[in-house]
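Comments concern the structure below.
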Amino acid sequence: MEQMQQPIGVFDSGLGGISVLRELVAFLPNENYLYLGDSKHAPYGTKSLQEVQKLTCNNIEYLIGKGAKAIVVACNTATSAAIQILREHHKDMPIIGIEPALKPAVLQKEHPNVLVMATPMTLREEKFHALMKRYENEAEIISLPCPGLVEFVERGELEGEALEAYFKELFAPFADKKIDSAVLGCTHYPLVKNVIQKMLGDSVTLFDGGEGTAHETYRRLKEKNLLNTTPQKGTVIFENTEGTEQKTALAKQLLWHTF
Ligand code: DGL
C-alpha cells in the first residue's frame, strides 16, 4: 500500500477522541483512520504524569506498528503529558495534539468570563499554564476540573438525571456569575455538549478544539505530501483496549449517529 493510503492513527484514553474523529472524517473524508481508545485504563486525567506518559507512548507505538502515517493525539490530557516525548521519539512523523480552545473563547467578546472545563491533569500541567498566561489579561479565565465526567461518557450515559445532577453541582459556584463562554477542554465533553448547554443556558457559547485539530492535521499532511488523494471515501477501523463488542458498538454509534 502506498504511504498516503496508510491510516491516520487517532488516539484517546477512551471514547472521547471520537468527537475529534468526527471532525477529521468530515474535513478529510478520503483518509483511512485507525482509532484506538484505551478505555481499559480510562480515565487518564486523574492518574500520575508518569503513568499517562507511559500509557500514551505504548499506545502510540502500537498505532505506528500498525502502519499509521500520522498520529492525532485526540486527548488533551495525553497531549499535555506526552506530546513532547512523542515528537522526540518520532521526529519524521506528523504528530498532532489538541489543547483547550481558549483563544476563540477569549476573542469572542471584550474581556469575557471564560470557564475552562478539563481534566485535573490538563489544568495542572505546564502546557495549560503557558496557554492561560497568554490570555490572562484579556479575559477572566476560570479553571474547572471535572473529575468523574469522563466515566459518564465511557458508560455511554450521555443524558439523564444523574448527568444533569452532576453538572448542577459542578456549576453551582457560578450561579451568580455571568459566564460568557465555556471551553470543553477534554475530548469526551463535546459528546455531552447538549446537556452542558442546557445546564449552562443558551447565553453561554461553547468551544472545543476538534475542528481546529482537523485543520491542523490537513496542514501537516499536506506539508509532508501525505494527503490521500485517491477519490473514494476512506474507512474507519475501531480498536479499544477493553476489547468488548459493546465498546466498539458505542464508538460507532458516537461517530455516525449521536450528534
Ligand atoms: N479525552 C481526554 C482528554 O481530552 C481525557 C480523559 C481522561 O481519560 O481523563 O483530556
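Please note that chains go A, B, ... in the order of the C-alpha cells, that every chain numbers its residues from 1, and that ligands are numbered from 1 in the order shown.
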
What are the nearest atom pairs, with distances in Å to one decimal, for all residues of chain A that come at most 7 Å from ligand 1, using only C-alpha atoms and all ligand atoms, set out by chain and rising residue number as a Markdown table?
| residue | atom | partner | partner_atom_place_in_ligand_line | distance |
| --- | --- | --- | --- | --- |
| A:Asp12 | CA | ligand 1 | 1 (N) | 5.8 |
| A:Ser13 | CA | ligand 1 | 8 (O) | 4.7 |
| A:Gly14 | CA | ligand 1 | 8 (O) | 6.5 |
| A:Gly16 | CA | ligand 1 | 1 (N) | 4.5 |
| A:Gly17 | CA | ligand 1 | 1 (N) | 6.0 |
| A:Ala42 | CA | ligand 1 | 8 (O) | 4.6 |
| A:Pro43 | CA | ligand 1 | 8 (O) | 3.3 |
| A:Tyr44 | CA | ligand 1 | 8 (O) | 3.6 |
| A:Gly45 | CA | ligand 1 | 9 (O) | 3.4 |
| A:Thr46 | CA | ligand 1 | 9 (O) | 6.3 |
| A:Ala74 | CA | ligand 1 | 4 (O) | 6.5 |
| A:Cys75 | CA | ligand 1 | 4 (O) | 3.5 |
| A:Asn76 | CA | ligand 1 | 4 (O) | 3.7 |
| A:Thr77 | CA | ligand 1 | 10 (O) | 3.8 |
| A:Ala78 | CA | ligand 1 | 10 (O) | 6.6 |
| A:Ala118 | CA | ligand 1 | 10 (O) | 6.5 |
| A:Thr119 | CA | ligand 1 | 9 (O) | 5.7 |
| A:Thr122 | CA | ligand 1 | 10 (O) | 6.6 |
| A:Val150 | CA | ligand 1 | 6 (C) | 5.7 |
| A:Gly185 | CA | ligand 1 | 4 (O) | 6.4 |
| A:Cys186 | CA | ligand 1 | 4 (O) | 3.3 |
| A:Thr187 | CA | ligand 1 | 4 (O) | 3.9 |
| A:His188 | CA | ligand 1 | 1 (N) | 4.7 |

Residue subset to file, keeping N, CA, C and O atoms, as a compact mmCIF listing (two decimals), in the first residue's frame:
# COMPACT_ATOMS: atom_id res chain seq x y z
N ASP A 12 -7.07 8.16 21.86
CA ASP A 12 -7.61 8.82 23.07
C ASP A 12 -7.60 7.80 24.22
O ASP A 12 -7.48 6.59 23.98
N SER A 13 -7.77 8.31 25.43
CA SER A 13 -7.84 7.42 26.60
C SER A 13 -9.10 6.56 26.55
O SER A 13 -9.23 5.64 27.34
N GLY A 14 -10.01 6.87 25.66
CA GLY A 14 -11.25 6.08 25.57
C GLY A 14 -12.07 6.53 24.38
O GLY A 14 -11.56 6.61 23.27
N GLY A 16 -13.61 9.54 24.02
CA GLY A 16 -13.66 10.99 23.80
C GLY A 16 -13.13 11.43 22.45
O GLY A 16 -13.70 12.31 21.80
N GLY A 17 -12.06 10.81 21.99
CA GLY A 17 -11.43 11.21 20.74
C GLY A 17 -12.36 11.08 19.54
O GLY A 17 -12.05 11.61 18.46
N ALA A 42 -8.89 4.16 31.16
CA ALA A 42 -9.53 5.47 31.37
C ALA A 42 -10.12 5.51 32.80
O ALA A 42 -10.54 4.47 33.30
N PRO A 43 -10.16 6.67 33.43
CA PRO A 43 -9.69 7.96 32.94
C PRO A 43 -8.20 8.18 33.16
O PRO A 43 -7.63 7.65 34.10
N TYR A 44 -7.61 8.96 32.24
CA TYR A 44 -6.20 9.34 32.37
C TYR A 44 -6.04 10.55 33.30
O TYR A 44 -5.02 10.70 33.95
N GLY A 45 -7.04 11.41 33.27
CA GLY A 45 -6.91 12.74 33.88
C GLY A 45 -6.67 12.77 35.37
O GLY A 45 -6.26 13.79 35.93
N THR A 46 -6.92 11.64 36.05
CA THR A 46 -6.70 11.60 37.50
C THR A 46 -5.50 10.70 37.84
O THR A 46 -5.27 10.40 39.01
N ALA A 74 -5.87 12.62 20.14
CA ALA A 74 -7.17 13.27 20.31
C ALA A 74 -7.58 13.30 21.78
O ALA A 74 -8.70 12.95 22.13
N CYS A 75 -6.64 13.71 22.60
CA CYS A 75 -6.83 13.70 24.05
C CYS A 75 -6.00 14.85 24.63
O CYS A 75 -4.78 14.88 24.44
N ASN A 76 -6.68 15.79 25.26
CA ASN A 76 -5.97 16.95 25.83
C ASN A 76 -5.00 16.51 26.91
O ASN A 76 -3.90 17.05 27.04
N THR A 77 -5.41 15.52 27.70
CA THR A 77 -4.61 15.07 28.83
C THR A 77 -3.32 14.40 28.33
O THR A 77 -2.23 14.73 28.78
N ALA A 78 -3.45 13.48 27.38
CA ALA A 78 -2.28 12.79 26.83
C ALA A 78 -1.38 13.78 26.09
O ALA A 78 -0.16 13.67 26.12
N ALA A 118 -11.90 20.89 32.01
CA ALA A 118 -10.91 19.90 31.55
C ALA A 118 -10.61 18.93 32.68
O ALA A 118 -11.16 19.05 33.78
N THR A 119 -9.71 17.98 32.40
CA THR A 119 -9.37 17.02 33.46
C THR A 119 -8.39 17.69 34.45
O THR A 119 -7.70 18.65 34.09
N THR A 122 -4.85 18.06 32.84
CA THR A 122 -4.70 19.10 31.81
C THR A 122 -4.56 20.47 32.46
O THR A 122 -3.70 21.27 32.09
N VAL A 150 -15.68 11.99 32.57
CA VAL A 150 -15.24 11.02 31.55
C VAL A 150 -15.97 9.68 31.75
O VAL A 150 -16.39 9.03 30.78
N GLY A 185 -12.45 21.44 27.29
CA GLY A 185 -11.02 21.14 27.15
C GLY A 185 -10.67 19.68 27.39
O GLY A 185 -9.55 19.36 27.79
N CYS A 186 -11.60 18.82 27.14
CA CYS A 186 -11.38 17.37 27.18
C CYS A 186 -12.25 16.81 26.06
O CYS A 186 -13.41 17.23 25.90
N THR A 187 -11.70 15.91 25.27
CA THR A 187 -12.42 15.47 24.07
C THR A 187 -13.66 14.64 24.39
O THR A 187 -14.51 14.44 23.52
N HIS A 188 -13.78 14.18 25.62
CA HIS A 188 -15.01 13.48 26.00
C HIS A 188 -16.20 14.46 26.10
O HIS A 188 -17.34 14.07 25.89

Which of segment 47-222 of chain A DSSP labels strand (DSSP E), written as a PyMOL selection string: chain A and resi 70-73+95-96+113-118+140-145+181-184+205-208

Counting only C-alpha atoms, what is within 12 Å of Gln197 of chain A, bar same-chain residues fewer than 6 positions away, as JSON, numbers by chain? {"A": [159, 164, 167, 168, 171, 180, 181, 182, 183, 184, 189, 190, 191, 203, 204, 205, 206, 207]}

Using only N, CA, C and O atoms, please write the residues we just selected to a file, as a short mmCIF file (atom, residue, chain, number, x, y, z; two decimals), in the first residue's frame.
data_model
loop_
_atom_site.label_atom_id
_atom_site.label_comp_id
_atom_site.auth_asym_id
_atom_site.auth_seq_id
_atom_site.Cartn_x
_atom_site.Cartn_y
_atom_site.Cartn_z
N GLU A 159 -26.94 11.40 28.65
CA GLU A 159 -28.02 12.29 29.09
C GLU A 159 -28.67 11.66 30.32
O GLU A 159 -28.28 10.56 30.72
N GLU A 164 -27.31 15.35 34.71
CA GLU A 164 -27.75 16.72 34.99
C GLU A 164 -27.42 17.11 36.44
O GLU A 164 -27.02 18.24 36.72
N PHE A 167 -23.78 18.06 36.69
CA PHE A 167 -23.48 19.43 36.21
C PHE A 167 -24.05 20.49 37.15
O PHE A 167 -23.46 21.55 37.34
N LYS A 168 -25.21 20.19 37.74
CA LYS A 168 -25.84 21.16 38.64
C LYS A 168 -24.86 21.47 39.77
O LYS A 168 -24.63 22.63 40.12
N PHE A 171 -21.63 23.34 38.42
CA PHE A 171 -21.80 24.75 38.04
C PHE A 171 -22.36 25.62 39.17
O PHE A 171 -22.44 26.85 39.01
N ASP A 180 -19.62 33.91 30.00
CA ASP A 180 -19.85 34.17 28.57
C ASP A 180 -19.58 32.96 27.70
O ASP A 180 -20.27 32.72 26.72
N SER A 181 -18.52 32.23 28.06
CA SER A 181 -18.21 31.06 27.22
C SER A 181 -17.59 29.95 28.05
O SER A 181 -17.04 30.20 29.12
N ALA A 182 -17.71 28.74 27.54
CA ALA A 182 -17.11 27.59 28.23
C ALA A 182 -16.30 26.82 27.20
O ALA A 182 -16.76 26.54 26.08
N VAL A 183 -15.07 26.50 27.58
CA VAL A 183 -14.18 25.72 26.70
C VAL A 183 -14.28 24.27 27.14
O VAL A 183 -14.08 23.95 28.32
N LEU A 184 -14.60 23.39 26.20
CA LEU A 184 -14.68 21.96 26.50
C LEU A 184 -13.27 21.40 26.24
O LEU A 184 -12.94 20.98 25.14
N TYR A 189 -15.92 15.71 26.47
CA TYR A 189 -17.02 16.61 26.82
C TYR A 189 -17.93 17.02 25.65
O TYR A 189 -19.14 17.17 25.86
N PRO A 190 -17.40 17.20 24.43
CA PRO A 190 -18.32 17.53 23.33
C PRO A 190 -19.38 16.43 23.11
O PRO A 190 -20.42 16.69 22.51
N LEU A 191 -19.11 15.23 23.59
CA LEU A 191 -20.09 14.15 23.42
C LEU A 191 -21.29 14.33 24.35
O LEU A 191 -22.31 13.66 24.18
N SER A 203 -27.12 31.48 26.81
CA SER A 203 -26.27 32.68 26.68
C SER A 203 -24.78 32.33 26.73
O SER A 203 -23.93 33.18 26.45
N VAL A 204 -24.46 31.10 27.08
CA VAL A 204 -23.05 30.69 27.16
C VAL A 204 -22.64 30.00 25.84
O VAL A 204 -23.31 29.07 25.39
N THR A 205 -21.56 30.51 25.23
CA THR A 205 -21.10 29.89 23.97
C THR A 205 -20.06 28.82 24.30
O THR A 205 -19.16 29.04 25.10
N LEU A 206 -20.21 27.65 23.67
CA LEU A 206 -19.29 26.54 23.93
C LEU A 206 -18.23 26.44 22.82
O LEU A 206 -18.54 26.64 21.64
N PHE A 207 -17.01 26.13 23.21
CA PHE A 207 -15.91 25.97 22.25
C PHE A 207 -15.19 24.65 22.50
O PHE A 207 -15.02 24.24 23.64
#

Using only C-alpha atoms, determine which residues lie at most 12 Å from Ala249 of chain A, disregarding the query and same-chain residues fewer than 6 positions distant; provide the list as a list in words.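 My list of contacting residues is Leu15, Gly156, Ile237, Phe238, Glu239, Asn240, Gly243, Leu255, Trp256 and His257 of chain A.
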
Just N, CA, C and O atoms for this one: save the residues we selected as an mmCIF file, in the first residue's frame.
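Output contents, as saved in part-v9.cif:
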data_model
loop_
_atom_site.group_PDB
_atom_site.id
_atom_site.type_symbol
_atom_site.label_atom_id
_atom_site.label_comp_id
_atom_site.auth_asym_id
_atom_site.auth_seq_id
_atom_site.Cartn_x
_atom_site.Cartn_y
_atom_site.Cartn_z
ATOM 1 N N LEU A 15 -13.331 6.887 24.636
ATOM 2 C CA LEU A 15 -14.238 7.226 23.538
ATOM 3 C C LEU A 15 -14.214 8.702 23.151
ATOM 4 O O LEU A 15 -14.746 9.088 22.119
ATOM 5 N N GLY A 156 -21.456 5.359 28.311
ATOM 6 C CA GLY A 156 -22.471 5.628 27.290
ATOM 7 C C GLY A 156 -23.656 6.379 27.868
ATOM 8 O O GLY A 156 -24.725 6.453 27.256
ATOM 9 N N ILE A 237 -11.488 2.198 11.193
ATOM 10 C CA ILE A 237 -11.407 0.961 11.984
ATOM 11 C C ILE A 237 -11.296 1.357 13.454
ATOM 12 O O ILE A 237 -10.514 2.247 13.810
ATOM 13 N N PHE A 238 -12.117 0.705 14.289
ATOM 14 C CA PHE A 238 -12.082 0.991 15.726
ATOM 15 C C PHE A 238 -11.368 -0.121 16.474
ATOM 16 O O PHE A 238 -11.650 -1.300 16.257
ATOM 17 N N GLU A 239 -10.498 0.286 17.378
ATOM 18 C CA GLU A 239 -9.925 -0.689 18.313
ATOM 19 C C GLU A 239 -10.032 -0.097 19.705
ATOM 20 O O GLU A 239 -9.980 1.133 19.872
ATOM 21 N N ASN A 240 -10.215 -0.960 20.689
ATOM 22 C CA ASN A 240 -10.303 -0.494 22.069
ATOM 23 C C ASN A 240 -9.617 -1.499 22.977
ATOM 24 O O ASN A 240 -9.804 -2.699 22.812
ATOM 25 N N GLY A 243 -11.537 -4.219 24.593
ATOM 26 C CA GLY A 243 -11.789 -5.367 23.735
ATOM 27 C C GLY A 243 -13.211 -5.918 23.743
ATOM 28 O O GLY A 243 -13.436 -7.043 23.336
ATOM 29 N N LEU A 255 -19.804 7.968 16.566
ATOM 30 C CA LEU A 255 -19.278 8.596 15.351
ATOM 31 C C LEU A 255 -20.373 8.885 14.330
ATOM 32 O O LEU A 255 -20.427 9.963 13.754
ATOM 33 N N TRP A 256 -21.253 7.926 14.123
ATOM 34 C CA TRP A 256 -22.171 8.055 12.991
ATOM 35 C C TRP A 256 -23.576 8.547 13.349
ATOM 36 O O TRP A 256 -24.275 9.043 12.497
ATOM 37 N N HIS A 257 -24.017 8.359 14.606
ATOM 38 C CA HIS A 257 -25.440 8.619 14.862
ATOM 39 C C HIS A 257 -25.770 9.666 15.909
ATOM 40 O O HIS A 257 -26.862 10.221 15.891
#

Residues of segment 142-251 of chain A at most 8 Å from segment 63-73 of chain A: nearest atom pair and distance in Å, only C-alpha atoms, as a Markdown table:
| residue | atom | partner | partner_atom | distance |
| --- | --- | --- | --- | --- |
| A:Thr217 | CA | A:Val72 | CA | 7.5 |
| A:Leu221 | CA | A:Ala70 | CA | 7.8 |
| A:Leu226 | CA | A:Lys69 | CA | 7.7 |

Expected file contents, prior selection, N, CA, C and O atoms, as a PDB file, in the first residue's frame:
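Wrote selection.pdb, looks like this:
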ATOM      1  N   THR A 217      -4.329  18.928  11.146  1.00  0.00           N
ATOM      2  CA  THR A 217      -3.949  17.622  10.567  1.00  0.00           C
ATOM      3  C   THR A 217      -3.798  17.750   9.045  1.00  0.00           C
ATOM      4  O   THR A 217      -2.832  17.259   8.453  1.00  0.00           O
ATOM      5  N   LEU A 221      -0.310  17.087   7.012  1.00  0.00           N
ATOM      6  CA  LEU A 221      -0.237  16.038   5.984  1.00  0.00           C
ATOM      7  C   LEU A 221       0.169  16.635   4.631  1.00  0.00           C
ATOM      8  O   LEU A 221       0.970  16.063   3.895  1.00  0.00           O
ATOM      9  N   LEU A 226       1.459  13.852   2.314  1.00  0.00           N
ATOM     10  CA  LEU A 226       0.888  12.588   2.795  1.00  0.00           C
ATOM     11  C   LEU A 226      -0.634  12.532   2.662  1.00  0.00           C
ATOM     12  O   LEU A 226      -1.264  11.567   3.097  1.00  0.00           O
TER      13      LEU A 226
END

Any idea what the distance is between atom CA of Ile83 of chain A and atom CA of Ile95 of chain A? 7.9 Å

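With only C-alpha atoms as the atoms that count, the minimum distance from Ala139 of chain A to the choices A:Arg220, A:Arg155, A:Lys193, A:Lys109 is reached by A:Lys109.
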
Per DSSP on the backbone, what are the alpha helix (DSSP H) residues of segment 73-218 of chain A, as a count of residues only? 69

Provide the atom CA of Gln232 of chain A to atom CA of Gln5 of chain A distance in Å, to one decimal place.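 Distance between the two atoms: 11.1 Å.
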
Between atom CA of Arg22 of chain A and atom CA of Gln3 of chain A, what is the distance, to one decimal in Å? 22.7 Å

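Residues in contact with Lys127 of chain A at 12 Å, where only C-alpha atoms are counted and same-chain residues fewer than 3 positions away are skipped, are listed as Asn76, Thr77, Ala78, Thr79, Ser80, Ala81, Ala82, Ile83, Gln84, Gly97, Ile98, Glu99, Pro100, Met121, Thr122, Leu123, Arg124, Ala130, Leu131, Met132, Lys133 and Arg134 of chain A.
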
Calculated over only C-alpha atoms, which of the candidates A:Ala214, A:Leu170, A:Leu102, A:Ile142 has the smallest distance to Met199 of chain A?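 With only C-alpha atoms as the atom set, the closest residue is A:Leu170.
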
Neighbours of Pro231 of chain A within 10 Å (only C-alpha atoms; same-chain residues fewer than 3 positions away dropped), as a list in words?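 Residues near the query, excluding close chain neighbours: Pro29, Asn30, Glu31, Asn228 and Gly234 of chain A.
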
Selection file, all heavy atoms, as an mmCIF file, in the first residue's frame:
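part07.cif, written as the output of this step:
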data_model
loop_
_atom_site.group_PDB
_atom_site.id
_atom_site.type_symbol
_atom_site.label_atom_id
_atom_site.label_comp_id
_atom_site.auth_asym_id
_atom_site.auth_seq_id
_atom_site.Cartn_x
_atom_site.Cartn_y
_atom_site.Cartn_z
ATOM 1 N N PRO A 29 -12.459 13.348 4.329
ATOM 2 C CA PRO A 29 -13.238 12.109 4.169
ATOM 3 C C PRO A 29 -12.518 11.001 3.405
ATOM 4 O O PRO A 29 -12.898 9.839 3.521
ATOM 5 C CB PRO A 29 -14.499 12.570 3.424
ATOM 6 C CG PRO A 29 -14.106 13.831 2.753
ATOM 7 C CD PRO A 29 -13.055 14.473 3.609
ATOM 8 N N ASN A 30 -11.493 11.360 2.629
ATOM 9 C CA ASN A 30 -10.824 10.320 1.834
ATOM 10 C C ASN A 30 -9.747 9.563 2.600
ATOM 11 O O ASN A 30 -9.197 8.588 2.096
ATOM 12 C CB ASN A 30 -10.179 10.926 0.585
ATOM 13 C CG ASN A 30 -11.220 11.491 -0.347
ATOM 14 O OD1 ASN A 30 -12.416 11.353 -0.092
ATOM 15 N ND2 ASN A 30 -10.791 12.142 -1.400
ATOM 16 N N GLU A 31 -9.454 10.052 3.795
ATOM 17 C CA GLU A 31 -8.413 9.393 4.590
ATOM 18 C C GLU A 31 -8.946 8.105 5.219
ATOM 19 O O GLU A 31 -10.146 7.980 5.505
ATOM 20 C CB GLU A 31 -7.931 10.329 5.711
ATOM 21 C CG GLU A 31 -7.264 11.595 5.232
ATOM 22 C CD GLU A 31 -5.930 11.331 4.520
ATOM 23 O OE1 GLU A 31 -5.310 10.286 4.776
ATOM 24 O OE2 GLU A 31 -5.525 12.187 3.708
ATOM 25 N N ASN A 228 -4.159 11.719 1.342
ATOM 26 C CA ASN A 228 -4.644 10.635 0.495
ATOM 27 C C ASN A 228 -5.457 11.229 -0.656
ATOM 28 O O ASN A 228 -6.553 11.754 -0.447
ATOM 29 C CB ASN A 228 -5.510 9.678 1.330
ATOM 30 C CG ASN A 228 -5.809 8.396 0.570
ATOM 31 O OD1 ASN A 228 -5.453 8.271 -0.605
ATOM 32 N ND2 ASN A 228 -6.449 7.453 1.223
ATOM 33 N N GLY A 234 -12.706 7.117 2.567
ATOM 34 C CA GLY A 234 -11.838 6.259 3.373
ATOM 35 C C GLY A 234 -12.609 5.369 4.329
ATOM 36 O O GLY A 234 -13.838 5.408 4.389
#
